[in-house]
file query_11.cif (mmCIF, C-alpha atoms)
data_protein
loop_
_atom_site.label_atom_id
_atom_site.label_comp_id
_atom_site.auth_asym_id
_atom_site.auth_seq_id
_atom_site.Cartn_x
_atom_site.Cartn_y
_atom_site.Cartn_z
CA MET A 1 0.00 0.00 0.00
CA LYS A 2 0.99 3.61 -0.47
CA ALA A 3 2.77 5.05 2.56
CA GLU A 4 0.61 7.72 4.15
CA ARG A 5 2.45 10.82 5.17
CA ILE A 6 1.22 14.01 6.73
CA ARG A 7 0.59 16.60 4.02
CA PRO A 8 -0.84 20.09 4.08
CA GLY A 9 -4.62 20.10 3.77
CA GLN A 10 -4.98 16.78 5.57
CA VAL A 11 -7.39 16.27 8.43
CA VAL A 12 -5.74 14.94 11.58
CA VAL A 13 -6.81 14.11 15.11
CA SER A 14 -4.74 14.99 18.12
CA ARG A 15 -3.93 11.87 20.09
CA ALA A 16 -1.87 13.39 22.85
CA GLY A 17 -2.00 16.54 24.90
CA ARG A 18 -4.83 18.48 26.50
CA ASP A 19 -6.47 18.72 23.06
CA ALA A 20 -6.58 14.92 22.54
CA GLY A 21 -9.52 13.98 20.31
CA GLN A 22 -9.63 17.40 18.64
CA CYS A 23 -9.69 17.46 14.83
CA TYR A 24 -7.50 19.84 12.88
CA VAL A 25 -6.41 20.61 9.36
CA VAL A 26 -2.67 20.66 8.63
CA ILE A 27 -1.81 24.05 7.19
CA SER A 28 1.94 23.69 6.88
CA LEU A 29 4.85 21.52 7.95
CA ARG A 30 7.63 22.77 10.16
CA GLY A 31 10.83 20.79 9.79
CA ASP A 32 10.36 17.06 9.48
CA SER A 33 8.64 16.38 12.75
CA ARG A 34 6.02 19.03 13.41
CA ALA A 35 2.90 20.27 11.69
CA ALA A 36 1.09 23.59 12.05
CA VAL A 37 -2.57 22.74 12.60
CA ALA A 38 -5.72 24.85 12.89
CA ASP A 39 -9.41 24.13 13.45
CA GLY A 40 -10.77 27.50 12.33
CA THR A 41 -12.40 28.34 15.67
CA ARG A 42 -10.26 27.79 18.75
CA ARG A 43 -7.05 27.62 16.74
CA ARG A 44 -7.09 29.96 13.79
CA VAL A 45 -4.89 30.22 10.73
CA GLN A 46 -3.20 33.28 12.20
CA ASN A 47 -2.27 31.39 15.33
CA PRO A 48 -1.83 27.73 14.52
CA LYS A 49 -0.85 25.07 16.99
CA TYR A 50 2.37 23.17 16.38
CA LYS A 51 2.03 19.49 17.00
CA ASN A 52 4.52 16.65 16.74
CA PHE A 53 3.62 14.18 13.97
CA LYS A 54 3.73 11.46 16.58
CA HIS A 55 0.87 13.11 18.44
CA LEU A 56 -1.40 13.22 15.41
CA ARG A 57 -3.41 10.53 13.73
CA LEU A 58 -4.28 10.85 10.02
CA LEU A 59 -7.99 10.97 9.47
CA ALA A 60 -8.89 11.90 5.93
CA GLU A 61 -7.24 12.43 2.59
CA PRO A 62 -6.30 16.04 1.98
CA ASP A 63 -9.20 18.13 0.71
CA PRO A 64 -8.20 18.75 -2.94
CA GLU A 65 -9.34 22.38 -2.99
CA LEU A 66 -7.54 23.19 0.25
CA GLU A 67 -4.40 21.32 -0.76
CA ARG A 68 -4.28 23.24 -4.04
CA LYS A 69 -4.67 26.54 -2.21
CA ILE A 70 -1.91 25.74 0.26
CA THR A 71 0.60 24.42 -2.27
CA SER A 72 -0.01 27.34 -4.65
CA GLY A 73 0.60 29.75 -1.79
CA GLU A 74 -2.91 31.20 -1.88
CA ARG A 75 -4.29 32.49 1.38
CA ILE A 76 -6.48 30.06 3.26
CA THR A 77 -9.16 31.26 5.62
CA ASP A 78 -10.64 29.92 8.82
CA ALA A 79 -13.87 29.44 6.89
CA ASP A 80 -12.08 27.04 4.50
CA ILE A 81 -10.93 24.99 7.44
CA ARG A 82 -14.33 24.94 9.10
CA ARG A 83 -15.87 23.85 5.80
CA VAL A 84 -13.58 20.82 5.65
CA LEU A 85 -13.95 19.88 9.31
CA TRP A 86 -17.69 20.42 9.52
CA VAL A 87 -18.37 17.52 7.16
CA LEU A 88 -16.37 15.19 9.40
CA VAL A 89 -17.95 16.10 12.70
CA GLU A 90 -20.78 13.62 12.36
CA LYS A 91 -18.92 11.00 10.35
CA GLU A 92 -15.78 10.72 12.46
CA GLY A 93 -16.96 12.12 15.78
CA CYS A 94 -14.62 15.08 15.68
CA GLN A 95 -14.97 17.43 18.58
CA MET B 1 -5.54 1.27 16.20
CA ILE B 2 -4.03 -2.20 15.76
CA THR B 3 -6.65 -4.87 16.33
CA ARG B 4 -6.03 -8.36 17.69
CA LYS B 5 -8.21 -10.92 15.96
CA SER B 6 -10.44 -13.43 17.72
CA PRO B 7 -10.21 -17.14 16.85
CA ARG B 8 -13.35 -16.77 14.70
CA GLU B 9 -11.85 -13.86 12.78
CA ILE B 10 -8.59 -15.77 12.35
CA GLY B 11 -10.58 -18.66 10.88
CA TYR B 12 -12.01 -16.35 8.21
CA MET B 13 -8.59 -14.90 7.49
CA ARG B 14 -7.09 -18.38 7.09
CA GLU B 15 -9.81 -19.06 4.56
CA ALA B 16 -9.11 -15.81 2.68
CA GLY B 17 -5.37 -16.53 2.75
CA ARG B 18 -5.88 -20.03 1.43
CA ILE B 19 -7.89 -18.64 -1.51
CA VAL B 20 -5.14 -16.12 -2.31
CA ALA B 21 -2.56 -18.92 -2.27
CA GLY B 22 -4.84 -21.07 -4.41
CA ALA B 23 -5.14 -18.28 -6.97
CA PHE B 24 -1.34 -18.17 -7.26
CA ALA B 25 -1.28 -21.93 -7.74
CA GLU B 26 -3.80 -21.50 -10.60
CA LEU B 27 -1.75 -18.74 -12.24
CA ALA B 28 1.75 -20.18 -11.84
CA PRO B 29 1.53 -22.78 -14.65
CA LEU B 30 0.02 -20.21 -17.05
CA ILE B 31 2.88 -17.75 -16.79
CA ALA B 32 4.73 -18.10 -20.08
CA PRO B 33 5.66 -15.93 -23.05
CA GLY B 34 2.58 -14.91 -25.05
CA ILE B 35 -0.10 -14.73 -22.37
CA THR B 36 -1.63 -11.31 -21.69
CA THR B 37 -2.00 -9.89 -18.22
CA ARG B 38 -5.74 -9.54 -18.84
CA GLU B 39 -6.02 -13.31 -19.29
CA LEU B 40 -4.23 -13.82 -15.96
CA ASP B 41 -6.64 -11.38 -14.34
CA ALA B 42 -9.65 -13.30 -15.69
CA VAL B 43 -8.32 -16.65 -14.45
CA ALA B 44 -7.63 -15.27 -10.98
CA GLU B 45 -11.02 -13.59 -10.72
CA LYS B 46 -12.83 -16.75 -11.82
CA TYR B 47 -10.96 -18.88 -9.30
CA ILE B 48 -11.56 -16.46 -6.42
CA ARG B 49 -15.28 -16.26 -7.19
CA GLN B 50 -15.54 -20.06 -7.52
CA GLN B 51 -14.23 -20.29 -3.97
CA GLY B 52 -17.08 -18.07 -2.78
CA ALA B 53 -14.82 -15.07 -2.20
CA LYS B 54 -14.55 -11.65 -3.82
CA PRO B 55 -11.45 -10.25 -5.52
CA ALA B 56 -10.54 -7.60 -2.99
CA PHE B 57 -8.72 -5.18 -5.26
CA LYS B 58 -11.60 -4.77 -7.71
CA GLY B 59 -12.88 -1.29 -7.04
CA LEU B 60 -10.59 -0.73 -4.04
CA TYR B 61 -9.87 3.01 -4.23
CA GLY B 62 -11.19 2.66 -7.81
CA PHE B 63 -8.74 0.00 -9.07
CA PRO B 64 -10.20 -1.40 -12.31
CA ALA B 65 -9.15 -5.06 -12.13
CA SER B 66 -8.99 -8.07 -9.79
CA ILE B 67 -5.24 -8.44 -9.55
CA CYS B 68 -2.24 -6.16 -10.01
CA THR B 69 0.25 -7.24 -12.68
CA SER B 70 3.53 -5.33 -12.69
CA ILE B 71 6.11 -6.21 -15.32
CA ASN B 72 9.88 -5.57 -15.12
CA ASP B 73 10.41 -1.94 -14.03
CA GLN B 74 6.82 -1.71 -12.79
CA VAL B 75 6.94 -1.93 -9.01
CA VAL B 76 3.28 -2.36 -8.01
CA HIS B 77 -0.30 -1.58 -9.07
CA GLY B 78 0.15 -2.44 -12.76
CA ILE B 79 -3.25 -2.73 -14.46
CA PRO B 80 -3.87 -5.97 -16.37
CA GLY B 81 -4.27 -5.30 -20.08
CA LEU B 82 -3.30 -6.51 -23.53
CA ARG B 83 0.44 -6.53 -22.89
CA LYS B 84 1.87 -9.96 -23.59
CA LEU B 85 4.56 -11.51 -21.43
CA LYS B 86 7.89 -11.92 -23.19
CA LYS B 87 10.80 -14.26 -22.58
CA GLY B 88 13.08 -12.76 -19.95
CA ASP B 89 10.38 -10.58 -18.33
CA ILE B 90 9.55 -10.74 -14.67
CA ILE B 91 5.99 -10.21 -13.48
CA SER B 92 4.87 -9.31 -9.98
CA ILE B 93 1.33 -10.38 -9.26
CA ASP B 94 -0.55 -9.05 -6.24
CA ILE B 95 -3.80 -10.76 -5.24
CA GLY B 96 -6.35 -9.96 -2.55
CA ALA B 97 -9.43 -11.97 -1.57
CA GLU B 98 -12.32 -11.20 0.75
CA ILE B 99 -14.53 -13.82 2.37
CA ASN B 100 -17.02 -13.34 5.21
CA GLY B 101 -15.82 -9.75 5.49
CA TYR B 102 -12.16 -10.68 6.06
CA PHE B 103 -9.19 -10.22 3.79
CA GLY B 104 -6.07 -12.00 2.60
CA ASP B 105 -3.33 -10.32 0.59
CA GLY B 106 -0.28 -11.80 -1.10
CA ALA B 107 2.17 -11.15 -3.92
CA VAL B 108 4.70 -13.18 -5.88
CA THR B 109 7.19 -12.23 -8.60
CA PHE B 110 7.50 -14.83 -11.33
CA PRO B 111 10.22 -15.09 -13.97
CA VAL B 112 8.97 -15.57 -17.55
CA GLY B 113 11.20 -17.95 -19.42
CA LYS B 114 14.73 -17.43 -18.16
CA PRO B 115 15.68 -13.85 -17.27
CA GLU B 116 19.27 -12.79 -16.71
CA ASP B 117 21.02 -14.15 -13.62
CA GLU B 118 21.02 -10.77 -11.91
CA VAL B 119 17.25 -10.51 -12.27
CA LEU B 120 16.77 -13.98 -10.83
CA GLU B 121 19.01 -12.90 -7.96
CA LEU B 122 16.69 -9.90 -7.38
CA ILE B 123 13.69 -12.22 -7.16
CA ARG B 124 15.49 -14.54 -4.77
CA VAL B 125 16.70 -11.75 -2.49
CA THR B 126 13.22 -10.21 -2.36
CA ARG B 127 11.66 -13.52 -1.35
CA GLU B 128 14.32 -14.10 1.27
CA ALA B 129 13.95 -10.53 2.58
CA LEU B 130 10.26 -11.26 3.16
CA GLU B 131 11.27 -14.43 5.01
CA ALA B 132 13.76 -12.41 7.09
CA GLY B 133 10.96 -9.96 7.94
CA ILE B 134 8.55 -12.74 8.84
CA ALA B 135 11.17 -14.27 11.14
CA GLN B 136 11.09 -11.05 13.17
CA ALA B 137 7.29 -11.00 13.46
CA ARG B 138 7.18 -12.53 16.92
CA ALA B 139 5.21 -11.57 19.97
CA GLY B 140 7.28 -9.23 22.13
CA LYS B 141 9.32 -7.80 19.25
CA ARG B 142 8.66 -4.32 17.96
CA LEU B 143 7.21 -3.39 14.61
CA THR B 144 10.35 -1.90 13.08
CA ASP B 145 12.38 -4.99 13.93
CA ILE B 146 10.64 -6.34 10.81
CA SER B 147 11.49 -3.21 8.79
CA HIS B 148 15.12 -3.32 9.79
CA ALA B 149 15.53 -7.02 9.02
CA VAL B 150 14.14 -6.52 5.51
CA GLN B 151 16.31 -3.50 4.77
CA THR B 152 19.55 -4.99 6.02
CA TYR B 153 18.98 -8.21 4.10
CA VAL B 154 18.22 -6.38 0.86
CA GLU B 155 21.05 -3.87 1.10
CA ARG B 156 23.59 -6.55 1.96
CA HIS B 157 22.89 -7.94 -1.52
CA GLY B 158 23.33 -4.59 -3.21
CA PHE B 159 19.66 -3.84 -3.94
CA SER B 160 17.38 -1.14 -2.52
CA VAL B 161 13.96 -1.15 -0.83
CA VAL B 162 11.12 1.08 -1.99
CA ARG B 163 10.30 3.78 0.58
CA ASP B 164 6.98 5.10 -0.70
CA TYR B 165 5.02 1.88 -0.29
CA VAL B 166 4.69 -0.08 2.92
CA GLY B 167 3.21 -3.21 4.43
CA HIS B 168 0.05 -2.89 6.46
CA GLY B 169 -2.23 -4.38 9.04
CA ILE B 170 -5.04 -6.43 7.51
CA GLY B 171 -8.27 -8.03 8.69
CA ALA B 172 -11.77 -6.65 8.38
CA LYS B 173 -10.30 -4.10 6.01
CA MET B 174 -7.66 -4.51 3.33
CA HIS B 175 -5.53 -1.77 4.84
CA GLU B 176 -5.53 -1.41 8.59
CA ASP B 177 -3.08 0.07 11.06
CA PRO B 178 -0.14 -0.14 11.40
CA GLN B 179 1.90 0.92 8.37
CA ILE B 180 4.95 -1.35 8.10
CA PRO B 181 7.88 0.31 6.31
CA ASN B 182 10.52 -1.96 4.80
CA PHE B 183 13.36 0.19 6.09
CA GLY B 184 14.46 2.01 9.22
CA PRO B 185 16.07 1.46 12.60
CA PRO B 186 15.01 -1.53 14.75
CA GLY B 187 13.25 -1.41 18.10
CA ARG B 188 10.68 1.30 17.35
CA GLY B 189 6.93 1.29 17.01
CA PRO B 190 4.31 -0.77 18.75
CA ARG B 191 5.12 -4.08 20.37
CA LEU B 192 3.81 -7.11 18.46
CA GLU B 193 1.17 -9.20 20.20
CA PRO B 194 -0.49 -12.55 19.46
CA GLY B 195 -3.60 -12.13 17.31
CA MET B 196 -2.25 -9.30 15.20
CA THR B 197 -2.48 -9.92 11.46
CA LEU B 198 -0.06 -8.15 9.15
CA ALA B 199 0.62 -8.04 5.43
CA LEU B 200 4.38 -7.77 4.93
CA GLU B 201 5.38 -6.72 1.43
CA PRO B 202 8.93 -5.75 0.57
CA MET B 203 9.33 -4.16 -2.87
CA VAL B 204 12.95 -4.39 -3.96
CA ASN B 205 14.60 -2.44 -6.79
CA MET B 206 17.72 -3.43 -8.62
CA GLY B 207 18.77 0.21 -8.93
CA GLY B 208 17.80 3.18 -6.77
CA TYR B 209 14.78 3.18 -4.47
CA GLU B 210 13.00 6.10 -6.14
CA VAL B 211 9.71 5.35 -7.84
CA MET B 212 7.08 7.35 -9.69
CA THR B 213 3.48 6.87 -10.74
CA LEU B 214 2.56 6.76 -14.44
CA VAL B 215 -0.21 8.88 -15.97
CA ASP B 216 -2.76 6.08 -15.52
CA GLN B 217 -2.54 7.14 -11.84
CA TRP B 218 -1.91 3.55 -10.81
CA THR B 219 1.19 1.94 -12.25
CA VAL B 220 4.23 2.62 -10.11
CA VAL B 221 7.59 2.28 -11.89
CA THR B 222 11.21 2.65 -10.86
CA LYS B 223 12.66 6.04 -11.75
CA ASP B 224 15.82 4.55 -13.24
CA GLY B 225 13.87 1.97 -15.28
CA LYS B 226 15.59 -0.99 -13.63
CA PRO B 227 13.54 -4.03 -12.62
CA SER B 228 11.73 -4.41 -9.32
CA ALA B 229 10.41 -7.44 -7.45
CA HIS B 230 7.65 -7.81 -4.86
CA PHE B 231 6.70 -10.58 -2.46
CA GLU B 232 3.95 -10.46 0.13
CA HIS B 233 2.37 -12.70 2.73
CA THR B 234 -0.43 -12.16 5.19
CA ILE B 235 0.78 -13.42 8.56
CA LEU B 236 -0.69 -14.01 11.99
CA ILE B 237 1.37 -13.48 15.11
CA THR B 238 0.90 -16.34 17.56
CA GLU B 239 2.42 -17.22 20.90
CA ASP B 240 4.71 -19.63 19.07
CA GLY B 241 5.84 -17.30 16.30
CA PRO B 242 4.50 -16.15 12.96
CA GLU B 243 2.00 -18.19 10.97
CA ILE B 244 1.75 -17.53 7.24
CA LEU B 245 -1.92 -17.34 6.25
CA THR B 246 -1.45 -16.96 2.49
CA TRP B 247 -0.27 -20.52 2.12
CA LEU B 248 -1.92 -23.65 0.80
#
call {"tool": "encode", "arguments": {"input": "query_11.cif", "output": "structure tokens"}}
result
Amino acid sequence: MKAERIRPGQVVVSRAGRDAGQCYVVISLRGDSRAAVADGTRRRVQNPKYKNFKHLRLLAEPDPELERKITSGERITDADIRRVLWVLVEKEGCQ
Amino acid sequence: MITRKSPREIGYMREAGRIVAGAFAELAPLIAPGITTRELDAVAEKYIRQQGAKPAFKGLYGFPASICTSINDQVVHGIPGLRKLKKGDIISIDIGAEINGYFGDGAVTFPVGKPEDEVLELIRVTREALEAGIAQARAGKRLTDISHAVQTYVERHGFSVVRDYVGHGIGAKMHEDPQIPNFGPPGRGPRLEPGMTLALEPMVNMGGYEVMTLVDQWTVVTKDGKPSAHFEHTILITEDGPEILTWL
């Protein structure tokens, strides 16, 4: 099978820390061990949380629209992130 | 989450594994110059369905056929078609079967006719690397003990292991946790426990480890165009060591 790696635009769940169980979208990678994540409400694009890869679980494939925006350097908004996460709240039990 | 299977689940997986192994036994005598990969696909699908199982790859993430047929520099996920096997080719066949909601997954690389000695060596080393990995799949060991054993075996023989594709947990889904890389340091990752079922699948390149995907969005080939081999077994970890499920 294809190796899954953390990529920008991907939905992840925190599995360690006080935010365990919280869903986020990866907005960028910092070095090769940490990802900047945001949920569009408590953690916004302007003030992302940095989480170790080890403390994240991959949840969904990157949203194509969001991935395109991030890789092309376009600005992403908190609304974009909420749009992606909202769909998953019921399906995956995201908090 | 890595699941440990109950005896009932293991029974279903043994059945699925036996069907995968049976499909290889059906295909093996047919592999000769002149046969198309589509014919091999049809034979495998018919056999799997006769056994009351479903070909697990058909439709998985949109894959259009029942088996993957990857020739020479194709690493994995080759789509069966009208290409005919030629003398001196090697073909990696990957087969999955589902029965009662449980999966088996296996792969074998076959020589067609008599390829060059170096290519036969690649096939042999890949098969033995899988065996070296399986030998590490014991309760109490850690996941990357498998990865490390595979990598060291392959590199000792001057070949390289593909990084972008990995082994996987298997059971009620084709791909479950954990991912099992075929490279890396030993002693990391979760500890292996009885009841875990894993699909170990080293992909070994004669040249460099880089691969790329062709425009069909499926076929993965080596970047340097050199041949690649692939062997896979579904195994169960027991108190007494690994048990190969994809076996007749």
call {"tool": "atom_distance", "arguments": {"input": "query_11.cif", "atom1": "atom CA of Gly62 of chain B", "atom2": "atom CA of Ser160 of chain B"}}
result
29.3 Å
call {"tool": "resolve_selection", "arguments": {"input": "query_11.cif", "expression": "the PyMOL selection byres ((chain A) within 8 of (chain B))", "output": "list in words"}}
result
Met1, Lys2 and Ala3 of chain A
call {"tool": "closest_atom_pairs", "arguments": {"input": "query_11.cif", "of": "segment 156-242 of chain B", "to": "segment 54-61 of chain A", "cutoff": "12 Å", "atoms": "all atoms listed in the file", "output": "tab-separated table"}}
result
residue	atom	partner	partner_atom	distance
B:Asp177	CA	A:Arg57	CA	10.8
B:Pro178	CA	A:Arg57	CA	11.4
B:Gln179	CA	A:Leu58	CA	11.8
B:Gly189	CA	A:Lys54	CA	10.7
call {"tool": "closest_residue", "arguments": {"input": "query_11.cif", "among": "B:Asp105, B:Glu121, B:Glu239, B:Glu116", "to": "Leu200 of chain B", "atoms": "all atoms listed in the file"}}
result
B:Asp105
call {"tool": "atom_distance", "arguments": {"input": "query_11.cif", "atom1": "atom CA of Tyr102 of chain B", "atom2": "atom CA of Tyr12 of chain B"}}
result
6.1 Å
call {"tool": "closest_residue", "arguments": {"input": "query_11.cif", "among": "B:Gly169, B:Pro202, B:Gly208, B:Gly241", "to": "Arg138 of chain B", "atoms": "only C-alpha atoms"}}
result
B:Gly241
call {"tool": "resolve_selection", "arguments": {"input": "query_11.cif", "expression": "the PyMOL selection byres ((chain A and resi 37-47) around 8)", "output": "ChimeraX atom specification"}}
result
/A:23-28,35-36,48-51,76-82,85
call {"tool": "atom_distance", "arguments": {"input": "query_11.cif", "atom1": "atom CA of Gly96 of chain B", "atom2": "atom CA of Glu193 of chain B"}}
result
24.0 Å
call {"tool": "residues_near_point", "arguments": {"input": "query_11.cif", "point": "(9.3, -7.6, -1.8)", "cutoff": "12 Å", "atoms": "all atoms listed in the file", "output": "VMD selection string"}}
result
chain B and resid 75 to 76 92 to 94 106 to 109 122 to 134 147 150 to 151 153 to 154 159 to 163 165 to 167 181 to 183 199 to 206 228 to 233
call {"tool": "resolve_selection", "arguments": {"input": "query_11.cif", "expression": "the PyMOL selection byres ((chain B and resi 24-27) around 9)", "output": "MDAnalysis selection string"}}
result
chainID B and resid 19:23 28:31 40 43:44 47 93 95 106:108 248
call {"tool": "residues_around", "arguments": {"input": "query_11.cif", "residues": "Leu245 of chain B", "least_positions_apart": "2", "cutoff": "8 Å", "atoms": "only C-alpha atoms", "output": "ChimeraX atom specification"}}
result
/B:13-14,17-18,104,233-236,243,247
call {"tool": "closest_residue", "arguments": {"input": "query_11.cif", "among": "B:Tyr61, B:Ala97, B:Leu82, B:Val221", "to": "Thr246 of chain B", "atoms": "all atoms listed in the file"}}
result
B:Ala97
call {"tool": "closest_residue", "arguments": {"input": "query_11.cif", "among": "B:Val119, B:Leu198, B:Met212, B:Ile90", "to": "Ala172 of chain B", "atoms": "only C-alpha atoms"}}
result
B:Leu198
call {"tool": "decode", "arguments": {"input": "query_11.cif", "residues": "segment 2-31 of chain A", "atoms": "C-alpha atoms", "output": "short mmCIF file (atom, residue, chain, number, x, y, z; two decimals), in the first residue's frame"}}
result
data_model
loop_
_atom_site.label_atom_id
_atom_site.label_comp_id
_atom_site.auth_asym_id
_atom_site.auth_seq_id
_atom_site.Cartn_x
_atom_site.Cartn_y
_atom_site.Cartn_z
CA LYS A 2 0.99 3.61 -0.47
CA ALA A 3 2.77 5.05 2.56
CA GLU A 4 0.61 7.72 4.15
CA ARG A 5 2.45 10.82 5.17
CA ILE A 6 1.22 14.01 6.73
CA ARG A 7 0.59 16.60 4.02
CA PRO A 8 -0.84 20.09 4.08
CA GLY A 9 -4.62 20.10 3.77
CA GLN A 10 -4.98 16.78 5.57
CA VAL A 11 -7.39 16.27 8.43
CA VAL A 12 -5.74 14.94 11.58
CA VAL A 13 -6.81 14.11 15.11
CA SER A 14 -4.74 14.99 18.12
CA ARG A 15 -3.93 11.87 20.09
CA ALA A 16 -1.87 13.39 22.85
CA GLY A 17 -2.00 16.54 24.90
CA ARG A 18 -4.83 18.48 26.50
CA ASP A 19 -6.47 18.72 23.06
CA ALA A 20 -6.58 14.92 22.54
CA GLY A 21 -9.52 13.98 20.31
CA GLN A 22 -9.63 17.40 18.64
CA CYS A 23 -9.69 17.46 14.83
CA TYR A 24 -7.50 19.84 12.88
CA VAL A 25 -6.41 20.61 9.36
CA VAL A 26 -2.67 20.66 8.63
CA ILE A 27 -1.81 24.05 7.19
CA SER A 28 1.94 23.69 6.88
CA LEU A 29 4.85 21.52 7.95
CA ARG A 30 7.63 22.77 10.16
CA GLY A 31 10.83 20.79 9.79
#
